[in-house]
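Shown below: coords14.csv, with CSV, C-alpha atoms.
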```
chain,number,residue,atom,x,y,z
J,29,MET,CA,5.6,-30.0,-30.2
J,30,GLU,CA,2.0,-30.3,-31.1
J,31,ALA,CA,0.9,-29.0,-27.6
J,32,LEU,CA,3.2,-25.9,-28.1
J,33,ALA,CA,1.6,-25.3,-31.5
J,34,THR,CA,-1.8,-25.4,-29.9
J,35,ILE,CA,-0.8,-22.9,-27.2
J,36,VAL,CA,0.6,-20.6,-29.9
J,37,ARG,CA,-2.6,-20.9,-31.9
J,38,ILE,CA,-4.8,-20.2,-28.9
J,39,ALA,CA,-2.7,-17.2,-27.9
J,40,ALA,CA,-2.9,-15.8,-31.5
J,41,GLU,CA,-6.7,-16.2,-31.5
J,42,ALA,CA,-6.9,-14.5,-28.1
J,43,GLY,CA,-4.7,-11.7,-29.5
J,44,ASP,CA,-7.0,-11.3,-32.5
J,45,ALA,CA,-10.1,-11.3,-30.3
J,46,VAL,CA,-9.1,-7.9,-28.7
J,47,VAL,CA,-9.7,-5.6,-31.6
J,48,ASP,CA,-11.3,-2.7,-29.8
J,49,PRO,CA,-8.6,-0.2,-28.8
J,50,ALA,CA,-10.8,1.5,-26.2
J,51,ALA,CA,-11.6,-1.9,-24.5
J,52,ALA,CA,-7.9,-2.8,-24.6
J,53,LYS,CA,-7.1,0.6,-23.0
J,54,ASN,CA,-9.7,0.0,-20.3
J,55,ILE,CA,-8.4,-3.4,-19.5
J,56,SER,CA,-4.8,-2.3,-19.3
J,57,ALA,CA,-5.8,0.7,-17.1
J,58,ALA,CA,-7.7,-1.5,-14.7
J,59,ALA,CA,-4.8,-3.9,-14.5
J,60,SER,CA,-2.3,-1.1,-14.0
J,61,ALA,CA,-4.6,0.4,-11.3
J,62,GLY,CA,-4.8,-2.9,-9.4
J,63,HIS,CA,-1.0,-3.4,-9.6
J,64,ALA,CA,-0.4,0.2,-8.5
J,65,TYR,CA,-2.6,-0.2,-5.4
J,66,GLY,CA,-1.3,-3.6,-4.5
J,67,LEU,CA,2.4,-2.8,-5.0
J,68,ALA,CA,2.0,0.5,-3.1
J,69,ALA,CA,0.5,-1.2,-0.1
J,70,ILE,CA,3.4,-3.7,0.2
J,71,GLY,CA,6.2,-1.2,0.8
J,72,PRO,CA,4.5,0.7,3.6
J,73,GLY,CA,3.5,-2.6,5.2
J,74,ILE,CA,7.1,-3.6,5.4
J,75,GLY,CA,8.2,-0.1,6.5
J,76,ILE,CA,5.6,0.0,9.3
J,77,GLY,CA,6.8,-3.4,10.5
J,78,ILE,CA,10.4,-2.2,10.6
J,79,ILE,CA,9.5,1.0,12.4
J,80,PHE,CA,7.4,-0.7,15.0
J,81,GLY,CA,10.0,-3.4,15.6
J,82,LYS,CA,12.7,-0.9,16.2
J,83,ALA,CA,10.5,1.2,18.4
J,84,ILE,CA,9.7,-1.8,20.6
J,85,GLU,CA,13.4,-2.6,20.7
J,86,SER,CA,14.2,1.0,21.8
J,87,MET,CA,11.5,1.0,24.4
J,88,ALA,CA,12.8,-2.3,25.8
J,89,ARG,CA,16.3,-0.9,26.1
J,90,GLN,CA,15.3,2.5,27.4
J,91,PRO,CA,11.9,2.5,28.9
J,92,GLU,CA,12.3,6.1,30.2
J,93,ALA,CA,12.5,7.2,26.5
J,94,ALA,CA,9.2,5.5,25.6
J,95,GLY,CA,7.4,8.8,25.1
J,96,MET,CA,10.0,10.2,22.7
J,97,VAL,CA,10.2,6.8,20.9
J,98,ARG,CA,6.4,6.6,20.5
J,99,THR,CA,6.3,10.2,19.2
J,100,THR,CA,8.9,9.5,16.5
J,101,MET,CA,7.2,6.1,15.8
J,102,PHE,CA,3.8,7.6,15.2
J,103,ILE,CA,5.1,10.3,12.9
J,104,GLY,CA,7.2,7.7,11.0
J,105,VAL,CA,4.3,5.4,10.6
J,106,ALA,CA,2.1,8.3,9.3
J,107,PHE,CA,4.8,9.3,6.8
J,108,THR,CA,5.1,5.7,5.6
J,109,GLU,CA,1.3,5.5,5.2
J,110,ALA,CA,1.5,8.4,2.8
J,111,LEU,CA,3.0,6.1,0.3
J,112,ALA,CA,0.0,3.8,0.5
J,113,LEU,CA,-2.3,6.8,0.1
J,114,ILE,CA,-0.4,7.9,-3.0
J,115,GLY,CA,-0.9,4.4,-4.4
J,116,PHE,CA,-4.6,4.4,-3.6
J,117,VAL,CA,-5.0,7.8,-5.2
J,118,ALA,CA,-3.2,6.5,-8.3
J,119,PHE,CA,-5.6,3.6,-8.3
J,120,ILE,CA,-8.8,5.7,-8.1
J,121,LEU,CA,-7.6,8.1,-10.7
J,122,LEU,CA,-6.5,5.4,-13.2
J,123,LYS,CA,-9.6,3.3,-12.6
J,124,PHE,CA,-12.4,5.8,-12.2
J,125,ALA,CA,-11.3,9.3,-13.4
C,22,MET,CA,15.4,-8.8,19.2
C,23,ASN,CA,17.2,-11.9,20.5
C,24,ASN,CA,19.0,-10.2,23.3
C,25,LEU,CA,15.8,-8.6,24.7
C,26,ASN,CA,13.9,-9.7,27.7
C,27,PRO,CA,11.2,-12.0,26.3
C,28,SER,CA,8.6,-10.3,28.5
C,29,VAL,CA,9.1,-7.0,26.8
C,30,LEU,CA,5.9,-7.4,24.7
C,31,ALA,CA,3.9,-8.0,27.9
C,32,ARG,CA,4.9,-4.6,29.3
C,33,ARG,CA,2.6,-1.7,29.0
C,34,ASP,CA,2.8,2.1,29.1
C,35,THR,CA,0.6,3.8,31.5
C,36,GLY,CA,2.1,7.3,31.0
C,37,PRO,CA,0.6,10.1,29.0
C,38,SER,CA,0.0,9.3,25.3
C,39,PRO,CA,2.1,11.4,22.9
C,40,GLU,CA,0.0,10.2,20.0
C,41,ALA,CA,-3.1,11.9,21.4
C,42,LYS,CA,-1.2,15.2,21.7
C,43,ILE,CA,0.2,15.0,18.2
C,44,THR,CA,-3.2,14.2,16.7
C,45,ARG,CA,-4.8,17.0,18.7
C,46,ASP,CA,-2.3,19.4,17.1
C,47,ILE,CA,-2.8,17.9,13.7
C,48,VAL,CA,-6.6,18.2,13.9
C,49,LYS,CA,-6.3,21.8,15.1
C,50,ARG,CA,-4.0,22.7,12.2
C,51,GLY,CA,-6.2,20.8,9.8
C,52,ILE,CA,-9.2,22.9,10.9
C,53,ILE,CA,-7.1,26.1,10.5
C,54,ALA,CA,-6.0,25.1,7.0
C,55,ALA,CA,-9.4,23.8,5.9
C,56,PRO,CA,-11.0,27.1,4.7
C,57,ALA,CA,-8.0,28.0,2.6
C,58,LEU,CA,-7.9,24.5,1.1
C,59,ILE,CA,-11.6,24.5,0.3
C,60,VAL,CA,-11.5,28.0,-1.3
C,61,LEU,CA,-8.5,27.0,-3.4
C,62,SER,CA,-10.3,23.8,-4.5
C,63,SER,CA,-13.4,25.7,-5.4
C,64,LEU,CA,-11.5,28.1,-7.5
C,65,ILE,CA,-9.9,25.3,-9.4
C,66,TRP,CA,-12.6,22.6,-9.6
C,67,GLY,CA,-15.8,24.5,-8.6
C,68,ALA,CA,-18.3,23.4,-6.0
C,69,ALA,CA,-17.5,19.7,-6.6
C,70,GLY,CA,-13.9,20.4,-5.8
C,71,ALA,CA,-14.8,22.3,-2.6
C,72,TRP,CA,-17.0,19.4,-1.3
C,73,SER,CA,-14.4,16.9,-2.3
C,74,SER,CA,-11.7,18.7,-0.5
C,75,ALA,CA,-13.8,19.0,2.6
C,76,TYR,CA,-14.6,15.3,2.4
C,77,GLY,CA,-10.9,14.4,1.8
C,78,LEU,CA,-9.7,16.6,4.7
C,79,GLY,CA,-12.3,14.9,7.0
C,80,LEU,CA,-11.0,11.5,5.9
C,81,VAL,CA,-7.4,12.4,6.6
C,82,LEU,CA,-8.3,13.8,10.1
C,83,CYS,CA,-10.4,10.8,10.9
C,84,ASN,CA,-7.5,8.6,9.8
C,85,PHE,CA,-5.2,10.3,12.2
C,86,ILE,CA,-7.7,10.2,15.1
C,87,ILE,CA,-8.3,6.4,14.6
C,88,ALA,CA,-4.6,5.7,14.3
C,89,ALA,CA,-3.8,7.7,17.5
C,90,GLY,CA,-6.8,6.2,19.4
C,91,LEU,CA,-5.7,2.6,18.5
C,92,VAL,CA,-2.1,3.1,19.6
C,93,ALA,CA,-2.9,5.1,22.7
C,94,THR,CA,-5.6,2.6,23.9
C,95,THR,CA,-3.7,-0.5,23.2
C,96,ALA,CA,-0.4,0.8,24.7
C,97,ARG,CA,-2.2,0.8,28.0
C,98,VAL,CA,-2.8,-2.9,27.7
C,99,SER,CA,0.5,-4.3,26.3
C,100,TYR,CA,3.1,-3.5,23.7
C,101,ALA,CA,2.1,-6.8,21.9
C,102,LEU,CA,-1.4,-5.5,21.5
C,103,MET,CA,0.0,-2.1,20.4
C,104,MET,CA,2.0,-3.9,17.7
C,105,ALA,CA,-1.0,-5.8,16.5
C,106,ALA,CA,-3.1,-2.6,16.5
C,107,THR,CA,-0.5,-0.7,14.5
C,108,LEU,CA,0.0,-3.4,11.9
C,109,PHE,CA,-3.6,-4.5,11.5
C,110,GLY,CA,-4.8,-0.9,12.0
C,111,TYR,CA,-2.8,0.1,8.9
C,112,ILE,CA,-4.8,-2.4,6.8
C,113,LEU,CA,-8.0,-1.5,8.5
C,114,ARG,CA,-7.6,2.3,8.0
C,115,LEU,CA,-6.5,1.8,4.4
C,116,GLY,CA,-9.6,-0.3,3.8
C,117,LEU,CA,-11.8,2.3,5.5
C,118,ILE,CA,-10.4,5.1,3.3
C,119,ALA,CA,-10.9,2.9,0.2
C,120,LEU,CA,-14.5,2.2,1.3
C,121,ALA,CA,-15.2,5.9,2.1
C,122,VAL,CA,-14.0,6.9,-1.4
C,123,MET,CA,-15.7,4.0,-3.2
C,124,LEU,CA,-19.1,4.9,-1.6
C,125,VAL,CA,-19.1,8.4,-2.9
C,126,ARG,CA,-17.2,8.1,-6.2
C,127,ASN,CA,-20.3,8.3,-8.3
C,128,GLU,CA,-21.9,11.1,-6.5
C,129,PRO,CA,-22.4,14.4,-8.5
C,130,TRP,CA,-20.6,16.5,-5.8
C,131,VAL,CA,-17.4,14.5,-6.0
C,132,ASP,CA,-14.4,15.4,-8.1
C,133,LEU,CA,-12.0,12.4,-7.9
C,134,LEU,CA,-8.9,14.4,-8.8
C,135,ALA,CA,-9.7,17.0,-6.1
C,136,LEU,CA,-10.4,14.3,-3.6
C,137,GLY,CA,-7.3,12.4,-4.4
C,138,LEU,CA,-5.0,15.4,-4.3
C,139,THR,CA,-6.5,16.6,-1.1
C,140,LEU,CA,-5.9,13.2,0.5
C,141,ILE,CA,-2.2,13.3,-0.4
C,142,ILE,CA,-1.5,17.0,0.1
C,143,THR,CA,-3.3,17.3,3.5
C,144,HIS,CA,-1.8,14.1,4.9
C,145,LEU,CA,1.7,15.1,4.0
C,146,GLY,CA,1.3,18.8,4.6
C,147,LEU,CA,-0.1,18.3,8.1
C,148,LEU,CA,2.6,15.9,9.0
C,149,PHE,CA,5.4,18.2,7.8
C,150,TRP,CA,3.7,21.0,9.7
C,151,GLU,CA,3.6,18.9,12.9
C,152,MET,CA,7.1,17.6,12.2
C,153,ARG,CA,8.5,21.2,12.5
C,154,TYR,CA,7.3,21.3,16.1
C,155,VAL,CA,8.1,17.7,17.1
C,156,SER,CA,11.6,17.7,15.7
C,157,ALA,CA,12.6,20.9,17.5
C,158,THR,CA,11.0,19.7,20.7
C,159,LEU,CA,12.7,16.3,20.7
C,160,ALA,CA,16.2,17.5,19.7
C,161,PHE,CA,16.4,20.8,21.7
C,162,PRO,CA,13.6,21.3,24.1
C,163,GLY,CA,14.8,24.9,24.6
C,164,LEU,CA,14.1,25.7,21.0
C,165,LYS,CA,10.5,24.6,21.2
C,166,PRO,CA,8.5,27.0,19.0
C,167,VAL,CA,6.8,29.8,20.9
C,168,MET,CA,3.3,28.9,19.7
C,169,GLU,CA,3.6,25.5,21.3
C,170,ASN,CA,4.1,27.0,24.8
C,171,LYS,CA,0.9,29.0,24.7
```
Now that the file is in, can you turn its structure into structure tokens?
Amino acid sequence: MEALATIVRIAAEAGDAVVDPAAAKNISAAASAGHAYGLAAIGPGIGIGIIFGKAIESMARQPEAAGMVRTTMFIGVAFTEALALIGFVAFILLKFA
Amino acid sequence: MNNLNPSVLARRDTGPSPEAKITRDIVKRGIIAAPALIVLSSLIWGAAGAWSSAYGLGLVLCNFIIAAGLVATTARVSYALMMAATLFGYILRLGLIALAVMLVRNEPWVDLLALGLTLIITHLGLLFWEMRYVSATLAFPGLKPVMENK
């Protein structure tokens, strides 16, 4: 119980320490920017993995269609990457603009 | 993947590279669209916007060229290497774009909003423009747009 009270006291002191609204805004903007970039990179990573896995599977089943599969794969990967780019742009705008 | 031949990743593709053709088309269209984009940016954000848009467009085109180069080169070695190049190439290219933007972000000729919007709009715009040709060609070769035959 005493440890809990200590934690609550430390948290309250830390809360009181951030009194400057501009600094608080900057900290939250930087944290949000980092989260936006990180989270935006996860989805496309998974998506590209799925696209490529399915492309390999298709090329293994129908090697004669490899050209068509690779065309579709390349376009699909590029579209998926656009999500990561959007996350990156959100990051630079939140952090630096 | 369990029912596939385990040696499928060791296969390679020695035929023509469709990625190189797609990227050539995208770069060609990017160069065609560049003047309009730069003029539009300069009207909205001034000279900084024009330089930023040109830089952003260059980044997008380089990104496409590196992606296609990686896939086309590694496909001639093995599908396993192509998989590695695609997945790690994604991280590499994202890192390169981040580095390229970070290096210039404090320069006086850079407008971050113009640069960011150019990155997104040109990437998606060029892809949709290319998609119009690719989808028609794949689904119905007879309906291939006339410009593509020239």
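Nearest to Thr100 of chain J of all the residues J:Ile79, J:Ala61, J:Ile74, J:Ala69 is J:Ile79, based on only C-alpha atoms.
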### Message
Select, as an NGL selection string, those residues of chain J with any atom no more than 9 Å from chain C (distances computed using only C-alpha atoms).
### Response
:J and (69 or 73 or 76-77 or 80-82 or 84-85 or 87-89 or 94-96 or 98-100 or 102-103 or 105-107 or 109-114 or 116-118 or 120-121 or 124-125)
### atom CA of Thr35 of chain C to atom CA of Gly104 of chain J, distance in Å rounded to a single decimal
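Value for the atom CA of Thr35 of chain C-atom CA of Gly104 of chain J distance: 21.9 Å.
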### Task
Enter the distance from atom CA of Leu67 of chain J to atom CA of Ile47 of chain C, in Å, rounded to one decimal.
28.4 Å
### Query
How far is it from atom CA of Gly75 of chain J to atom CA of Val97 of chain J, in Å with one decimal?
16.1 Å
